[in-house]
$ cat final_7.pdb   # PDB, C-alpha atoms
ATOM      1  CA  MET A  85     -10.305   0.960  -8.126
ATOM      2  CA  ALA A  86      -8.898   4.017  -6.359
ATOM      3  CA  ILE A  87      -8.093   3.432  -2.735
ATOM      4  CA  MET A  88      -6.769   4.993   0.426
ATOM      5  CA  GLY A  89      -9.127   7.933   0.617
ATOM      6  CA  ARG A  90      -9.010   9.850  -2.658
ATOM      7  CA  ARG A  91     -11.105  12.970  -2.090
ATOM      8  CA  GLU A  92     -13.076  14.912  -4.688
ATOM      9  CA  ASP A  93     -14.196  17.806  -2.468
ATOM     10  CA  GLY A  94     -12.313  20.730  -4.025
ATOM     11  CA  GLN A  95      -9.288  20.549  -1.734
ATOM     12  CA  ASN A  96      -6.184  22.524  -2.725
ATOM     13  CA  ALA A  97      -3.204  20.896  -4.454
ATOM     14  CA  SER A  98      -1.213  20.435  -1.225
ATOM     15  CA  GLN A  99      -4.035  18.272   0.182
ATOM     16  CA  ARG A 100      -4.461  16.044  -2.852
ATOM     17  CA  PRO A 101      -3.548  12.368  -2.458
ATOM     18  CA  THR A 102       0.028  11.449  -3.219
ATOM     19  CA  ARG A 103       0.832   9.059  -6.052
ATOM     20  CA  THR A 104       0.989   6.175  -3.605
ATOM     21  CA  GLU A 105      -2.437   6.940  -2.106
ATOM     22  CA  ALA A 106      -4.426   7.015  -5.327
ATOM     23  CA  VAL A 107      -3.069   3.968  -7.122
ATOM     24  CA  ASP A 108      -5.032   1.121  -8.625
ATOM     25  CA  THR A 109      -4.280  -2.071  -6.754
ATOM     26  CA  HIS A 110      -3.736  -5.280  -8.660
ATOM     27  CA  THR A 111      -4.028  -7.597  -5.667
ATOM     28  CA  ILE A 112      -5.591  -7.313  -2.234
ATOM     29  CA  LEU A 113      -4.897  -9.676   0.653
ATOM     30  CA  GLY A 114      -8.133  -9.177   2.571
ATOM     31  CA  GLN A 115      -8.695  -8.674   6.272
ATOM     32  CA  GLU A 116      -9.345 -12.378   6.898
ATOM     33  CA  ALA A 117      -6.277 -13.512   4.909
ATOM     34  CA  LYS A 118      -3.225 -14.989   6.629
ATOM     35  CA  PHE A 119      -0.156 -15.472   4.498
ATOM     36  CA  GLU A 120       3.338 -16.664   5.342
ATOM     37  CA  GLY A 121       6.323 -16.760   3.001
ATOM     38  CA  LYS A 122       7.938 -14.662   0.286
ATOM     39  CA  LEU A 123       5.812 -12.245  -1.712
ATOM     40  CA  THR A 124       7.115 -10.729  -4.949
ATOM     41  CA  PHE A 125       4.961  -8.701  -7.318
ATOM     42  CA  GLU A 126       4.683  -5.986  -9.967
ATOM     43  CA  GLY A 127       2.120  -3.219  -9.753
ATOM     44  CA  ALA A 128       0.394  -2.339  -6.501
ATOM     45  CA  VAL A 129      -0.600  -4.724  -3.719
ATOM     46  CA  ARG A 130      -2.679  -3.902  -0.661
ATOM     47  CA  ILE A 131      -2.505  -5.976   2.503
ATOM     48  CA  ASP A 132      -5.381  -5.772   4.982
ATOM     49  CA  GLY A 133      -4.794  -9.132   6.695
ATOM     50  CA  ASN A 134      -1.815 -10.864   8.322
ATOM     51  CA  PHE A 135       1.459 -11.400   6.501
ATOM     52  CA  GLU A 136       4.711 -12.882   7.807
ATOM     53  CA  GLY A 137       7.925 -13.342   5.823
ATOM     54  CA  GLU A 138       9.559 -11.258   3.108
ATOM     55  CA  ILE A 139       8.161  -8.801   0.552
ATOM     56  CA  LEU A 140      10.123  -7.792  -2.560
ATOM     57  CA  THR A 141       8.929  -5.352  -5.232
ATOM     58  CA  ASP A 142      10.032  -2.320  -7.183
ATOM     59  CA  ASP A 143       6.461  -1.053  -7.061
ATOM     60  CA  ILE A 144       3.968   0.029  -4.395
ATOM     61  CA  LEU A 145       2.882  -1.780  -1.236
ATOM     62  CA  LEU A 146      -0.143  -0.468   0.662
ATOM     63  CA  VAL A 147      -0.573  -1.639   4.255
ATOM     64  CA  GLY A 148      -4.194  -1.114   5.292
ATOM     65  CA  PRO A 149      -5.361  -0.095   8.779
ATOM     66  CA  THR A 150      -6.285  -3.670   9.760
ATOM     67  CA  ALA A 151      -3.021  -5.203   8.503
ATOM     68  CA  GLN A 152      -0.468  -6.984  10.681
ATOM     69  CA  VAL A 153       2.779  -7.317   8.706
ATOM     70  CA  ARG A 154       5.884  -8.950  10.182
ATOM     71  CA  ALA A 155       8.408  -8.992   7.362
ATOM     72  CA  GLU A 156      11.588  -7.735   5.809
ATOM     73  CA  LEU A 157      10.392  -5.263   3.179
ATOM     74  CA  LYS A 158      12.289  -4.202   0.055
ATOM     75  CA  VAL A 159       9.934  -2.029  -1.973
ATOM     76  CA  GLY A 160       9.752   0.818  -4.434
ATOM     77  CA  SER A 161       7.284   2.749  -2.245
ATOM     78  CA  ILE A 162       5.159   1.905   0.775
ATOM     79  CA  VAL A 163       2.186   3.549   2.480
ATOM     80  CA  ILE A 164       1.484   2.235   5.978
ATOM     81  CA  HIS A 165      -1.802   2.659   7.848
ATOM     82  CA  GLY A 166      -1.588  -0.518   9.976
ATOM     83  CA  PHE A 167       1.079  -2.427  11.919
ATOM     84  CA  VAL A 168       4.492  -3.279  10.447
ATOM     85  CA  GLU A 169       7.314  -5.034  12.277
ATOM     86  CA  GLY A 170      10.541  -5.459  10.345
ATOM     87  CA  ASN A 171      13.099  -3.505   8.404
ATOM     88  CA  ILE A 172      11.944  -1.421   5.447
ATOM     89  CA  THR A 173      14.130  -0.519   2.485
ATOM     90  CA  ALA A 174      12.380   1.688  -0.069
ATOM     91  CA  LYS A 175      13.834   2.936  -3.349
ATOM     92  CA  GLU A 176      11.406   5.865  -3.601
ATOM     93  CA  SER A 177       9.417   6.639  -0.453
ATOM     94  CA  VAL A 178       7.938   5.561   2.862
ATOM     95  CA  GLU A 179       4.705   7.156   4.076
ATOM     96  CA  ILE A 180       3.468   6.312   7.563
ATOM     97  CA  LYS A 181      -0.092   7.486   8.203
ATOM     98  CA  ALA A 182      -1.898   7.708  11.541
ATOM     99  CA  PRO A 183      -2.705   5.514  13.381
ATOM    100  CA  ALA A 184       0.064   3.250  12.039
ATOM    101  CA  ARG A 185       2.601   1.495  14.238
ATOM    102  CA  VAL A 186       6.030   0.630  12.843
ATOM    103  CA  ARG A 187       8.765  -1.334  14.635
ATOM    104  CA  GLY A 188      12.002  -1.615  12.697
ATOM    105  CA  ASN A 189      14.587   0.315  10.763
ATOM    106  CA  ILE A 190      13.803   2.382   7.683
ATOM    107  CA  ASN A 191      16.117   3.182   4.772
ATOM    108  CA  SER A 192      14.542   5.485   2.183
ATOM    109  CA  PRO A 193      15.361   8.704   0.320
ATOM    110  CA  ASN A 194      11.933  10.127   1.276
ATOM    111  CA  LEU A 195      10.079   9.627   4.554
ATOM    112  CA  THR A 196       6.770  11.078   5.751
ATOM    113  CA  ILE A 197       5.462  10.384   9.248
ATOM    114  CA  GLU A 198       2.111  11.828  10.320
ATOM    115  CA  ARG A 199       1.315  13.023  13.829
ATOM    116  CA  GLY A 200      -0.245  10.155  15.797
ATOM    117  CA  VAL A 201       2.042   7.472  14.361
ATOM    118  CA  ARG A 202       4.129   5.277  16.638
ATOM    119  CA  PHE A 203       7.575   4.557  15.171
ATOM    120  CA  ASP A 204      10.134   2.532  17.137
ATOM    121  CA  GLY A 205      13.372   2.187  15.200
ATOM    122  CA  THR A 206      15.950   4.136  13.265
ATOM    123  CA  CYS A 207      15.856   5.887   9.932
ATOM    124  CA  GLN A 208      18.582   6.365   7.370
ATOM    125  CA  MET A 209      17.834   8.589   4.414
ATOM    126  CA  SER A 210      19.919   7.990   1.330
ATOM    127  CA  GLY A 211      19.985   9.734  -2.033
ATOM    128  CA  ASP A 212      18.562  13.266  -2.361
ATOM    129  CA  GLY A 213      16.745  12.984   0.959
ATOM    130  CA  ALA A 214      20.081  12.797   2.813
ATOM    131  CA  LYS A 215      21.159  16.318   1.814
ATOM    132  CA  SER A 216      20.247  18.095   5.030
ATOM    133  CA  LYS A 217      22.336  20.293   7.314
ATOM    134  CA  LYS A 218      23.725  18.748  10.467
ATOM    135  CA  ASN A 219      23.530  20.884  13.608
TER
END
$ encode --input "final_7.pdb" --output "structure tokens"
Amino acid sequence: MAIMGRREDGQNASQRPTRTEAVDTHTILGQEAKFEGKLTFEGAVRIDGNFEGEILTDDILLVGPTAQVRAELKVGSIVIHGFVEGNITAKESVEIKAPARVRGNINSPNLTIERGVRFDGTCQMSGDGAKSKKN
């Protein structure tokens, strides 16, 4: 099942979904789900409900627009459309899509924040993403 808005309308290559947008999810915590504790997984997981605790994976976490996540996150990649409160450490990338709200610190080699997002925290980019000129 492709998720997160894959489009088939002839858009150019720069508008195509990123790898983290067009993944097949293995597990979905639905909008009515409330989960507390430690979540570890392989593959892709999408959260649309409420989660509180800790999330550990080397793979992809998708936070849907109705999600409320309060957790320490250590992931391979993450795409956020909903609310996340907690520190995020990503090995590959963090994508924050409007109208997401993120409260916490981010450590990732790649970070994308869309216009319309609310981000309260700090960001540290490590790896190749840290090679920028300082003014």
$ resolve_selection --input "final_7.pdb" --expression "the PyMOL selection byres ((chain A and resi 149-164) around 9)" --output "JSON, numbers by chain"
{"A": [104, 105, 114, 115, 131, 132, 133, 134, 135, 136, 137, 138, 139, 140, 141, 142, 143, 144, 145, 146, 147, 148, 165, 166, 167, 168, 169, 170, 171, 172, 173, 174, 175, 176, 177, 178, 179, 180, 181, 182, 183, 184, 185, 186, 192]}
$ closest_residue --input "final_7.pdb" --among "A:Leu113, A:Arg187, A:Val129, A:Lys122" --to "A:Arg202" --atoms "all atoms listed in the file"
A:Arg187
$ atom_distance --input "final_7.pdb" --atom1 "atom CA of A:Gly121" --atom2 "atom CA of A:Ile197"
27.9 Å
$ atom_distance --input "final_7.pdb" --atom1 "atom CA of A:Val201" --atom2 "atom CA of A:Ala128"
23.1 Å
$ atom_distance --input "final_7.pdb" --atom1 "atom CA of A:Arg130" --atom2 "atom CA of A:Pro193"
22.0 Å
$ closest_residue --input "final_7.pdb" --among "A:Asn194, A:Asn189, A:Glu126, A:Phe119" --to "A:Thr206" --atoms "all atoms listed in the file"
A:Asn189
$ residues_around --input "final_7.pdb" --residues "A:Asn191" --least-positions-apart "3" --cutoff "6 Å" --atoms "only C-alpha atoms" --output "PyMOL selection string"
chain A and resi 173+207-209
$ axis_aligned_box --input "final_7.pdb" --around "stretch 180-188 of chain A" --padding-each-side "5 Å" --output "lines of an AutoDock Vina configuration file"
center_x = 4.6
center_y = 3.0
center_z = 11.1
size_x = 24.7
size_y = 19.3
size_z = 17.1
